[in-house]
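For reference, the structure discussed in these notes is given below.
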Amino acid sequence: MWQEYIMAGSLEQAVNVLAEVGEKGRIIAGGTDLILEIERGNRPGVTTIIDISKLPGLEDIYEDKDGVVHIGPLATHNHVIASPLIRQKAFALLQACWEVGSPQIRNRGTVAGNLITASPANDAISPLMAFDAKLKLLSSRGERIVPLSKFYKGVRKTVMMPDEIVSDIFFDAPGENYHSFFIKTALRKAQAISVINVSVVLKLVEGKVKDARITLGAAAPTIIHAEEAERFLDQKTLNEEVIAETAVLTGKAASPISDLRGSAGYRDYMIQVIAKRALTAIFKGVDKDQIPSSPVLLMGSGIHTNPTKEPWNGKEIHTWINGQEYRFTTGFDKTLLNLIRDEAGLSGTKEGCAEGECGACTVYLDGRAVMSCLVPAGRAHGSEIVTIEGITPKEHIHPVQEAFIDYGAIQCGFCTPGFIMSAAKLLEERKTPSQEEIRQAISGNLCRCTGYYKIVEAIEHASEFGTDADHNEAVKE
């Protein structure tokens with residue numbers, strides 16, 4: 001793991017540290033990719049991580065007076081999903097972020113991180129490429145602007161220098177006549193990387209295409225435009241025949257590979273299929289309600305009640321876990337999961353995959369459900385953490401826990417703490433969630449024993465109690 005953890009007090013401090021440590025340092029915001037890369041030995045030279053995730057104002061998403069949409073470097077996928085601005089003006093990006101990981105991953109993973117990781121299968125790249133986004137790169141030497149189309153040199157390779165940080169993502173807000181759609185194929189409904197993805201942005205005036213942008217993910221070493229298809233669409237009246245031909249031309253732009261997720265032949269075929277679906281969705285009128293206007297986020301308020309005034313000094317992690325104050329002088333090179341288990345001695349939070357796939361390690365970090373295996377321990381400094389042990393007052397159990405017992409939603413029980421944490425956070429957001437909302441909330445939690453039916457049934461029953469306070473009153477009576 002890393003040898004030095006630094007919690008930056010400003011972007012300027014972060015770039016100055018990067019300038020000092022060079023290739024040995026990496027910026028961490030969400031960390032959902034970087035921590036895995038370090039643990040797997042893919043970043044053997046990285047000894048210092050500089051955490052910028054607590055810097056204020058960097059998660060904002062807004063449109064400026066010149067009609068430019070800005071996405072801050074700390075804006076997570078869930079921030080995008082919750083943004084009315086993105087829903088209105090860049091729906092394809094919202095769709096892409098909705099497809100990323102699970103609620104816990106989307107609460108930590110940032111759009112900037114998705115771009116920087118530079119996998120051609122990453123979902124946020126193709127819509128932002130279609131919107132002609134640009135990146136502002138900051139270093140101790142100053143700033144520079146790089147179009148996203150010029151940012152990539154190959155698979156997981158970018159033009160970023162070791163001492164640079166993405167400080168802004170921005171693009172011109174599309175006008176009223178612009179419509180966009182993102183679509184992907186994957187091996188399962190959640191927690192799955194794209195086998196192939198397509199983003200379409202069209203300007204339609206009385207049914208005629210005035211501007212067409214079609215970008216493909218996981219179809220080449222970098223995100224590419226289907227240039228022949230874009231040219232073909234220009235000035236065409238959108239109809240079924242034009243859509244069919246455009247889909248064929250879109251497929252011709254790709255040069256996919258075969259890997260564990262799919263063969264090159266399968267990708268070639270599916271590019272045409274999903275391109276046709278995306279174009280048809282725009283032709284018929286994109287139904288923005290396919291992603292709920294109030295989606296399940298498991299995000300909480302992000303506000304904690306015991307913020308420390310003590311600055312980070314690198315010698316102590318000062319935090320609150322389940323309302324109890326802790327001061328750790330060891331564990332700086334660990335994940336939050338291991339800090340909780342090893343240093344705090346709270347074993348209820350489980351390590352299943354240690355890769356953010358199973359959800360057994362779900363905790364609340366400043367109110368947000370996160371995978372604690374993908375959070376550096378130092379991030380706990382000045383924060384509030386809630387684990388399964390602290391989910392209710394000691395004299396009662398949570399209504400979700402009681403429902404799991406009553407409805408037989410537990411078998412081996414290893415995954416249960418994570419499910420309960422996700423479900424309890426859901427009930428904070430939805431007093432009576434639908435079955436679909438329940439399934440969305442637990443999409444990041446895996447169970448090897450059950451068919452999930454009893455788990456869903458238990459959560460649905462627990463919602464009948466309302467809030468935990470309501471349940472505790474009922475118990476007293």
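Naming works like this for the structure tokens: A, B, ... for the chains as they're shown, residue 1 at the start of each chain, ligands 1 onward in shown order.
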Inset, instruction - Find the spatial neighbours of Ile38 in chain A, counting only C-alpha atoms, within a cut-off of 12 Å - ignore same-chain residues fewer than 3 positions away - and output them as a PyMOL selection string. - result: chain A and resi 1-3+24-26+28+31-35+41-49+333-335+355+374+376
How about saving the chosen residues, N, CA and C atoms kept, as a compact mmCIF listing (two decimals), in the first residue's frame?
# COMPACT_ATOMS: atom_id res chain seq x y z
N MET A 1 0.84 -1.19 0.00
CA MET A 1 0.00 0.00 0.00
C MET A 1 0.88 1.25 0.00
N TRP A 2 0.25 2.40 0.15
CA TRP A 2 0.99 3.65 0.16
C TRP A 2 1.78 3.81 1.45
N GLN A 3 2.83 4.61 1.42
CA GLN A 3 3.64 4.87 2.61
C GLN A 3 3.29 6.20 3.27
N LYS A 24 5.99 9.31 -7.85
CA LYS A 24 5.67 8.57 -6.62
C LYS A 24 4.32 8.96 -6.04
N GLY A 25 3.73 10.05 -6.51
CA GLY A 25 2.49 10.54 -5.94
C GLY A 25 1.32 10.37 -6.88
N ARG A 26 0.13 10.23 -6.30
CA ARG A 26 -1.11 10.19 -7.05
C ARG A 26 -2.19 10.95 -6.28
N ILE A 28 -5.98 11.35 -5.09
CA ILE A 28 -7.12 10.48 -4.86
C ILE A 28 -8.32 11.35 -4.50
N GLY A 31 -11.22 7.30 -5.45
CA GLY A 31 -10.32 6.19 -5.15
C GLY A 31 -10.82 4.83 -5.58
N THR A 32 -11.98 4.77 -6.26
CA THR A 32 -12.56 3.47 -6.59
C THR A 32 -11.72 2.71 -7.61
N ASP A 33 -10.87 3.39 -8.34
CA ASP A 33 -9.93 2.72 -9.25
C ASP A 33 -8.53 2.67 -8.65
N LEU A 34 -8.08 3.79 -8.11
CA LEU A 34 -6.68 3.89 -7.68
C LEU A 34 -6.34 2.90 -6.57
N ILE A 35 -7.20 2.77 -5.57
CA ILE A 35 -6.89 1.87 -4.46
C ILE A 35 -6.75 0.43 -4.96
N GLY A 41 -0.88 -4.15 -7.21
CA GLY A 41 0.50 -4.00 -7.63
C GLY A 41 0.67 -3.36 -8.98
N ASN A 42 -0.40 -2.74 -9.50
CA ASN A 42 -0.32 -2.09 -10.80
C ASN A 42 0.35 -0.73 -10.74
N ARG A 43 0.52 -0.21 -9.53
CA ARG A 43 1.19 1.09 -9.33
C ARG A 43 2.34 0.91 -8.34
N PRO A 44 3.35 0.11 -8.69
CA PRO A 44 4.40 -0.22 -7.72
C PRO A 44 5.21 0.97 -7.25
N GLY A 45 5.29 2.02 -8.06
CA GLY A 45 6.10 3.17 -7.67
C GLY A 45 5.37 4.21 -6.87
N VAL A 46 4.06 4.03 -6.68
CA VAL A 46 3.27 5.04 -5.96
C VAL A 46 3.40 4.82 -4.45
N THR A 47 3.98 5.78 -3.77
CA THR A 47 4.16 5.68 -2.31
C THR A 47 3.40 6.78 -1.56
N THR A 48 2.96 7.80 -2.28
CA THR A 48 2.27 8.92 -1.64
C THR A 48 0.93 9.16 -2.33
N ILE A 49 -0.14 9.22 -1.55
CA ILE A 49 -1.42 9.61 -2.12
C ILE A 49 -1.85 10.93 -1.48
N ASP A 333 -1.79 3.50 6.49
CA ASP A 333 -1.59 2.87 5.20
C ASP A 333 -2.67 1.84 4.89
N LYS A 334 -3.76 1.89 5.62
CA LYS A 334 -4.85 0.92 5.44
C LYS A 334 -6.05 1.56 4.75
N THR A 335 -7.01 0.70 4.42
CA THR A 335 -8.29 1.19 3.95
C THR A 335 -9.19 1.48 5.15
N GLU A 355 -12.83 -5.42 -3.32
CA GLU A 355 -12.72 -4.78 -4.63
C GLU A 355 -13.93 -3.91 -4.95
N LEU A 374 -12.69 0.65 -0.37
CA LEU A 374 -12.13 1.51 -1.41
C LEU A 374 -11.91 2.94 -0.92
N PRO A 376 -9.45 5.33 1.60
CA PRO A 376 -8.24 5.32 2.43
C PRO A 376 -8.59 5.66 3.87
Legend entry - DSSP strand (DSSP E or B) selection over range 50-159 of chain A, as a ChimeraX atom specification: /A:50-51,61-63,68-71,76,110,134-139,142-147,152-154,157-158
Can I get the residues of range 320-358 of chain A within 12 Å of range 88-102 of chain A, each with the closest pair of atoms and their distance in Å to one decimal, using only C-alpha atoms, sorted chain first then ascending number, as JSON lines?
{"residue": "A:Glu355", "atom": "CA", "partner": "A:Gly101", "partner_atom": "CA", "distance": 11.6}
{"residue": "A:Gly356", "atom": "CA", "partner": "A:Gly101", "partner_atom": "CA", "distance": 8.9}
{"residue": "A:Glu357", "atom": "CA", "partner": "A:Gly101", "partner_atom": "CA", "distance": 8.4}
{"residue": "A:Cys358", "atom": "CA", "partner": "A:Ser102", "partner_atom": "CA", "distance": 10.0}
Can you write out as CSV which residues of range 144-249 of chain A fall within 7 Å of range 127-130 of chain A, alongside each residue's closest atom pair and its distance in Å to one decimal, counting only C-alpha atoms and ordering rows by chain and ascending residue number?
residue,atom,partner,partner_atom,distance
A:Leu148,CA,A:Met129,CA,6.1
A:Ser149,CA,A:Met129,CA,6.3
A:Phe182,CA,A:Pro127,CA,6.9
A:Ser199,CA,A:Pro127,CA,5.3
A:Val200,CA,A:Ala130,CA,7.0
A:Val201,CA,A:Ala130,CA,6.4
A:Arg213,CA,A:Ala130,CA,5.6
A:Ile214,CA,A:Ala130,CA,6.4
A:Thr215,CA,A:Ala130,CA,6.0
Legend entry - Per-residue DSSP, range 64-232 of chain A, filtered to helix (DSSP H, G or I), as number ranges by chain: A: 77-81, 84-89, 91-98, 103-106, 111-117, 125-130, 148-150, 227-232
Could those selected residues go to a file with N, CA and C atoms, as a short mmCIF file (atom, residue, chain, number, x, y, z; two decimals), in the first residue's frame?
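out.cif, freshly written:
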data_model
loop_
_atom_site.label_atom_id
_atom_site.label_comp_id
_atom_site.auth_asym_id
_atom_site.auth_seq_id
_atom_site.Cartn_x
_atom_site.Cartn_y
_atom_site.Cartn_z
N HIS A 77 -20.56 10.45 -9.60
CA HIS A 77 -21.60 10.00 -10.52
C HIS A 77 -22.98 10.29 -9.95
N ASN A 78 -23.13 10.16 -8.63
CA ASN A 78 -24.43 10.45 -8.04
C ASN A 78 -24.74 11.95 -8.04
N HIS A 79 -23.73 12.79 -7.97
CA HIS A 79 -23.97 14.23 -8.12
C HIS A 79 -24.54 14.52 -9.51
N VAL A 80 -24.00 13.87 -10.52
CA VAL A 80 -24.51 14.05 -11.88
C VAL A 80 -25.94 13.57 -11.98
N ILE A 81 -26.21 12.39 -11.43
CA ILE A 81 -27.54 11.81 -11.50
C ILE A 81 -28.57 12.70 -10.82
N PRO A 84 -30.44 18.49 -11.82
CA PRO A 84 -31.48 18.87 -12.79
C PRO A 84 -30.87 19.45 -14.07
N LEU A 85 -29.75 20.15 -13.94
CA LEU A 85 -29.09 20.74 -15.11
C LEU A 85 -28.65 19.66 -16.09
N ILE A 86 -28.00 18.62 -15.60
CA ILE A 86 -27.53 17.55 -16.46
C ILE A 86 -28.72 16.79 -17.06
N ARG A 87 -29.75 16.56 -16.27
CA ARG A 87 -30.95 15.88 -16.80
C ARG A 87 -31.54 16.67 -17.96
N GLN A 88 -31.57 17.98 -17.84
CA GLN A 88 -32.18 18.81 -18.85
C GLN A 88 -31.29 18.97 -20.09
N LYS A 89 -29.98 19.14 -19.90
CA LYS A 89 -29.13 19.54 -21.01
C LYS A 89 -28.15 18.48 -21.49
N PHE A 91 -28.56 14.68 -21.07
CA PHE A 91 -29.18 13.47 -20.54
C PHE A 91 -28.32 12.23 -20.76
N ALA A 92 -27.59 12.18 -21.87
CA ALA A 92 -26.75 11.01 -22.13
C ALA A 92 -25.70 10.82 -21.04
N LEU A 93 -25.18 11.92 -20.51
CA LEU A 93 -24.20 11.82 -19.42
C LEU A 93 -24.86 11.29 -18.16
N LEU A 94 -26.07 11.75 -17.88
CA LEU A 94 -26.79 11.24 -16.71
C LEU A 94 -27.03 9.73 -16.86
N GLN A 95 -27.43 9.31 -18.06
CA GLN A 95 -27.64 7.88 -18.30
C GLN A 95 -26.36 7.09 -18.06
N ALA A 96 -25.24 7.61 -18.53
CA ALA A 96 -23.97 6.91 -18.37
C ALA A 96 -23.59 6.77 -16.91
N CYS A 97 -23.76 7.86 -16.15
CA CYS A 97 -23.41 7.80 -14.72
C CYS A 97 -24.34 6.85 -13.97
N TRP A 98 -25.58 6.76 -14.39
CA TRP A 98 -26.54 5.83 -13.78
C TRP A 98 -26.11 4.38 -13.97
N PRO A 103 -24.90 2.17 -6.09
CA PRO A 103 -25.01 3.44 -5.34
C PRO A 103 -23.78 3.76 -4.50
N GLN A 104 -23.21 2.73 -3.84
CA GLN A 104 -22.03 2.98 -3.00
C GLN A 104 -20.83 3.44 -3.83
N ILE A 105 -20.65 2.83 -5.00
CA ILE A 105 -19.55 3.24 -5.89
C ILE A 105 -19.82 4.63 -6.43
N ARG A 106 -21.05 4.90 -6.82
CA ARG A 106 -21.39 6.21 -7.39
C ARG A 106 -21.30 7.32 -6.36
N VAL A 111 -16.56 11.71 -11.78
CA VAL A 111 -16.53 11.76 -13.23
C VAL A 111 -15.10 12.00 -13.70
N ALA A 112 -14.39 12.90 -13.02
CA ALA A 112 -13.00 13.17 -13.40
C ALA A 112 -12.15 11.90 -13.32
N GLY A 113 -12.33 11.12 -12.27
CA GLY A 113 -11.59 9.88 -12.13
C GLY A 113 -11.90 8.90 -13.24
N ASN A 114 -13.17 8.85 -13.65
CA ASN A 114 -13.58 7.98 -14.74
C ASN A 114 -12.86 8.35 -16.03
N LEU A 115 -12.67 9.65 -16.25
CA LEU A 115 -11.97 10.11 -17.45
C LEU A 115 -10.48 9.82 -17.36
N ILE A 116 -9.90 10.07 -16.19
CA ILE A 116 -8.45 9.93 -16.03
C ILE A 116 -8.00 8.48 -16.11
N THR A 117 -8.81 7.56 -15.60
CA THR A 117 -8.45 6.14 -15.65
C THR A 117 -8.22 5.68 -17.09
N ILE A 125 -16.95 8.60 -20.52
CA ILE A 125 -16.10 9.23 -21.54
C ILE A 125 -16.86 9.49 -22.83
N SER A 126 -17.60 8.48 -23.33
CA SER A 126 -18.21 8.64 -24.65
C SER A 126 -19.26 9.76 -24.68
N PRO A 127 -20.14 9.93 -23.68
CA PRO A 127 -21.06 11.08 -23.77
C PRO A 127 -20.35 12.41 -23.67
N LEU A 128 -19.33 12.52 -22.81
CA LEU A 128 -18.61 13.78 -22.70
C LEU A 128 -17.83 14.07 -23.99
N MET A 129 -17.35 13.03 -24.64
CA MET A 129 -16.70 13.23 -25.95
C MET A 129 -17.72 13.74 -26.95
N ALA A 130 -18.93 13.17 -26.91
CA ALA A 130 -19.97 13.61 -27.83
C ALA A 130 -20.39 15.05 -27.57
N LEU A 148 -11.20 16.88 -24.69
CA LEU A 148 -11.24 15.46 -24.34
C LEU A 148 -10.85 14.61 -25.53
N SER A 149 -11.14 15.07 -26.73
CA SER A 149 -10.80 14.33 -27.95
C SER A 149 -9.28 14.23 -28.15
N LYS A 150 -8.50 15.10 -27.49
CA LYS A 150 -7.04 15.07 -27.59
C LYS A 150 -6.38 14.52 -26.31
N GLU A 227 -17.39 8.65 -37.63
CA GLU A 227 -17.36 9.84 -38.48
C GLU A 227 -18.19 9.68 -39.75
N GLU A 228 -18.13 8.51 -40.37
CA GLU A 228 -18.91 8.30 -41.60
C GLU A 228 -20.40 8.36 -41.29
N ALA A 229 -20.80 7.79 -40.17
CA ALA A 229 -22.21 7.84 -39.77
C ALA A 229 -22.64 9.28 -39.48
N GLU A 230 -21.76 10.04 -38.84
CA GLU A 230 -22.07 11.44 -38.55
C GLU A 230 -22.27 12.24 -39.84
N ARG A 231 -21.38 12.02 -40.81
CA ARG A 231 -21.50 12.73 -42.09
C ARG A 231 -22.77 12.31 -42.84
N PHE A 232 -23.08 11.03 -42.80
CA PHE A 232 -24.28 10.53 -43.48
C PHE A 232 -25.54 11.18 -42.94
#
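All residues of protein, DNA or RNA that reach within 9 Å of range 257-268 of chain A, judged by only C-alpha atoms and not counting those fewer than 3 positions away in the chain, are Ala186, Leu187, Ile193, Ser194, Val195, Ile196, Ala218, Ala219, Ala220, Gly251, Lys252, Ala254, Ile271 and Gln272 of chain A.
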Inset, instruction - Using only C-alpha atoms, find the one residue out of A:Ala441, A:Ala403, A:Cys353, A:Ile6 that sits nearest to Gly378 in chain A. - result: A:Ile6
Give me, as a CSV table (one decimal) with C-alpha atoms, in the first residue's frame, all polymer residues having an atom no more than 10 Å from Met299 in chain A, counting only C-alpha atoms and skipping those fewer than 6 positions away in the same chain.
chain,number,residue,atom,x,y,z
A,78,ASN,CA,-24.4,10.5,-8.0
A,79,HIS,CA,-24.0,14.2,-8.1
A,103,PRO,CA,-25.0,3.4,-5.3
A,104,GLN,CA,-22.0,3.0,-3.0
A,106,ARG,CA,-21.4,6.2,-7.4
A,107,ASN,CA,-21.2,8.0,-4.0
A,108,ARG,CA,-17.4,7.9,-4.2
A,364,TYR,CA,-21.9,5.4,6.1
A,365,LEU,CA,-19.2,8.1,5.6
A,366,ASP,CA,-20.6,11.5,6.5
A,367,GLY,CA,-24.0,10.1,5.8
A,368,ARG,CA,-23.3,8.5,2.4
A,369,ALA,CA,-23.3,4.7,1.9
A,370,VAL,CA,-19.8,3.7,0.6
A,425,LYS,CA,-30.2,4.2,4.1
A,426,LEU,CA,-32.8,3.6,1.5
A,428,GLU,CA,-34.1,7.4,5.1
A,429,GLU,CA,-34.7,8.4,1.4
